[in-house]
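Here's the structure, in structure tokens; my notes come after.
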Amino acid sequence: MCRVMPPVKSHAVKSELGDTKRRIVDLLKRAESTPGELAAELGLTEAAVRQHLDALAETGLVSRTTRPPRGRGRPAQSWALTDLARDLFPDHHSDLTVELLDAVRTALGEEGLDRVIEARAVQQRAAYAKAIPSRGSLRARVEALARVRTAEGYVAEVVTDDGPGVVLVEHHCPICIAAASCQGLCRSELELFQEVLGDRVTVERTQHVLSGDRRCAYRVRPRA
């Protein structure tokens, strides 16, 4: 069972904002607006709209920007959504990924799906090879891998192991839903780590989100 917590979505957070703030967020999603423009759309006073905007700003969902003046007028203060507000809107990329995997499986069969996964692994292998030094300490090389994985959304870090090696810990799995539908993705990643780190080490998965763990972890040790 996938236990990674999903990002907070619109039907969760928006329900806590109140009707007027929800409507303001929806309007700002369409375009930056001044309090006056929002007031006209909502049928409220500018003062009321400003109060709602200030409250939204305290949560980090909106920010104020300066709009260039028209003619000789003073610059207008407009408002826009911040990057934090993106989680307020539905994101179905995981559903699309699962649908695409199912479509590949239907069209090409399991062997065809395996070929697609391998092609993805080849691309990852080339990218990882550029980022991970072929020489240096084991920890330094695994830390380079952790940086690549963090950039891909896995929130990875390297911790000390009881033995001579280290443990790569991934606190988030951005492909969790897709991996639950196609476990070849996880198998491919384990094989990928082994290949990019080389034959001088062994890579063992010790924790796995799809097995019910809170995170994925990989023990990397020098090969005896």
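Residues are named by chain letter and number: chains run A, B, ... in the order of the structure tokens, numbers start at 1 in each chain, and ligands are numbered from 1 in the order shown.
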Return as a ChimeraX atom specification the full set of residues in stretch 132-161 of chain A whose backbone-based DSSP assignment is strand (DSSP E). /A:156-160
For A:Lys21, which residue among A:Ala55, A:Ala76, A:Leu113, A:Ala39 is the nearest when counting only C-alpha atoms?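 The shortest atom-to-atom distance to A:Lys21 comes from A:Ala55.
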As a VMD selection string, list the residues of chain A assigned to alpha helix (DSSP H) by DSSP on the backbone atoms of this structure. chain A and resid 10 to 17 19 to 30 35 to 42 46 to 58 93 to 131 138 to 151 176 to 181 184 to 197
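The environment of stretch 152-154 of chain A within 6 Å, counting only C-alpha atoms and disregarding residues fewer than 6 places along the same chain, consists of Glu170, His172 and Cys173 of chain A.
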Hey, what's within 12 Å of A:Arg125 if we count only C-alpha atoms and toss same-chain stuff fewer than 4 positions away? As JSON, numbers by chain, please? {"A": [118, 119, 120, 121, 129, 130, 131, 132, 145, 148, 188, 189, 190, 191, 192, 193, 194, 195, 196, 197, 198]}
Write out as a count of residues only the residues lying within 10 Å of A:Thr206, counting only C-alpha atoms and excluding same-chain residues fewer than 3 positions away. 10
Kindly indicate which residue among A:Ser78, A:Gln124, A:Ser134, A:Thr45 lies nearest to A:Ala31, using only C-alpha atoms for the distances.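 Of A:Ser78, A:Gln124, A:Ser134, A:Thr45, the one nearest A:Ala31, counting only C-alpha atoms, is A:Ser78.
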Fewer than 3 positions away in the same chain doesn't count, so skip those; otherwise give me all residues within 12 Å of A:Ala57, counting only C-alpha atoms, as an NGL selection string. :A and (21 or 24-25 or 50-54 or 60-65 or 79-82 or 84-85)
Just to be explicit: take each residue in the selection above, keep N, CA and C atoms, and write the result as a PDB file, in the first residue's frame.
ATOM      1  N   LYS A  21     -12.862  33.786  -0.327  1.00  0.00           N
ATOM      2  CA  LYS A  21     -11.443  33.575  -0.607  1.00  0.00           C
ATOM      3  C   LYS A  21     -11.252  32.550  -1.717  1.00  0.00           C
ATOM      4  N   ILE A  24     -11.780  34.409  -4.899  1.00  0.00           N
ATOM      5  CA  ILE A  24     -10.634  35.275  -5.199  1.00  0.00           C
ATOM      6  C   ILE A  24      -9.489  34.448  -5.784  1.00  0.00           C
ATOM      7  N   VAL A  25      -9.207  33.300  -5.173  1.00  0.00           N
ATOM      8  CA  VAL A  25      -8.147  32.431  -5.672  1.00  0.00           C
ATOM      9  C   VAL A  25      -8.443  31.992  -7.103  1.00  0.00           C
ATOM     10  N   ARG A  50      -9.628  43.780   0.037  1.00  0.00           N
ATOM     11  CA  ARG A  50      -8.278  43.931   0.584  1.00  0.00           C
ATOM     12  C   ARG A  50      -8.102  43.120   1.864  1.00  0.00           C
ATOM     13  N   GLN A  51      -9.125  43.044   2.667  1.00  0.00           N
ATOM     14  CA  GLN A  51      -9.037  42.250   3.896  1.00  0.00           C
ATOM     15  C   GLN A  51      -8.826  40.773   3.563  1.00  0.00           C
ATOM     16  N   HIS A  52      -9.563  40.294   2.565  1.00  0.00           N
ATOM     17  CA  HIS A  52      -9.400  38.895   2.159  1.00  0.00           C
ATOM     18  C   HIS A  52      -8.013  38.655   1.562  1.00  0.00           C
ATOM     19  N   LEU A  53      -7.532  39.608   0.764  1.00  0.00           N
ATOM     20  CA  LEU A  53      -6.208  39.470   0.166  1.00  0.00           C
ATOM     21  C   LEU A  53      -5.116  39.456   1.229  1.00  0.00           C
ATOM     22  N   ASP A  54      -5.261  40.319   2.227  1.00  0.00           N
ATOM     23  CA  ASP A  54      -4.276  40.339   3.308  1.00  0.00           C
ATOM     24  C   ASP A  54      -4.254  39.004   4.052  1.00  0.00           C
ATOM     25  N   GLY A  60       0.581  32.834   2.568  1.00  0.00           N
ATOM     26  CA  GLY A  60       1.570  32.637   1.520  1.00  0.00           C
ATOM     27  C   GLY A  60       0.990  32.258   0.175  1.00  0.00           C
ATOM     28  N   LEU A  61      -0.336  32.339   0.034  1.00  0.00           N
ATOM     29  CA  LEU A  61      -0.978  31.911  -1.206  1.00  0.00           C
ATOM     30  C   LEU A  61      -0.987  32.997  -2.276  1.00  0.00           C
ATOM     31  N   VAL A  62      -0.932  34.265  -1.873  1.00  0.00           N
ATOM     32  CA  VAL A  62      -0.943  35.365  -2.832  1.00  0.00           C
ATOM     33  C   VAL A  62       0.157  36.353  -2.471  1.00  0.00           C
ATOM     34  N   SER A  63       0.555  37.165  -3.445  1.00  0.00           N
ATOM     35  CA  SER A  63       1.545  38.208  -3.204  1.00  0.00           C
ATOM     36  C   SER A  63       1.176  39.436  -4.024  1.00  0.00           C
ATOM     37  N   ARG A  64       1.674  40.576  -3.567  1.00  0.00           N
ATOM     38  CA  ARG A  64       1.355  41.837  -4.213  1.00  0.00           C
ATOM     39  C   ARG A  64       2.452  42.205  -5.205  1.00  0.00           C
ATOM     40  N   THR A  65       2.062  42.705  -6.348  1.00  0.00           N
ATOM     41  CA  THR A  65       3.003  43.179  -7.353  1.00  0.00           C
ATOM     42  C   THR A  65       2.589  44.580  -7.789  1.00  0.00           C
ATOM     43  N   TRP A  79      -2.496  41.815  -7.552  1.00  0.00           N
ATOM     44  CA  TRP A  79      -2.243  40.617  -6.754  1.00  0.00           C
ATOM     45  C   TRP A  79      -2.178  39.401  -7.667  1.00  0.00           C
ATOM     46  N   ALA A  80      -1.352  38.448  -7.276  1.00  0.00           N
ATOM     47  CA  ALA A  80      -1.186  37.222  -8.050  1.00  0.00           C
ATOM     48  C   ALA A  80      -1.006  36.054  -7.096  1.00  0.00           C
ATOM     49  N   LEU A  81      -1.269  34.853  -7.601  1.00  0.00           N
ATOM     50  CA  LEU A  81      -1.039  33.646  -6.815  1.00  0.00           C
ATOM     51  C   LEU A  81       0.456  33.342  -6.747  1.00  0.00           C
ATOM     52  N   THR A  82       0.891  32.770  -5.653  1.00  0.00           N
ATOM     53  CA  THR A  82       2.263  32.317  -5.517  1.00  0.00           C
ATOM     54  C   THR A  82       2.370  30.857  -5.972  1.00  0.00           C
ATOM     55  N   LEU A  84       3.005  28.442  -4.150  1.00  0.00           N
ATOM     56  CA  LEU A  84       2.369  27.620  -3.127  1.00  0.00           C
ATOM     57  C   LEU A  84       0.919  27.332  -3.471  1.00  0.00           C
ATOM     58  N   ALA A  85       0.279  28.248  -4.202  1.00  0.00           N
ATOM     59  CA  ALA A  85      -1.144  28.094  -4.518  1.00  0.00           C
ATOM     60  C   ALA A  85      -1.399  27.036  -5.580  1.00  0.00           C
TER      61      ALA A  85
END
My list of candidates is A:Gly18, A:Pro174, A:Gly112, A:Pro164. Which is closest to A:Val201 when distances are computed with only C-alpha atoms?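 Of A:Gly18, A:Pro174, A:Gly112, A:Pro164, the one nearest A:Val201 is A:Pro164, counting only C-alpha atoms.
Taking only C-alpha atoms into account, A:Cys176 lies nearest to A:Val98 out of the set A:Val159, A:Leu138, A:Val98, A:Ala151.
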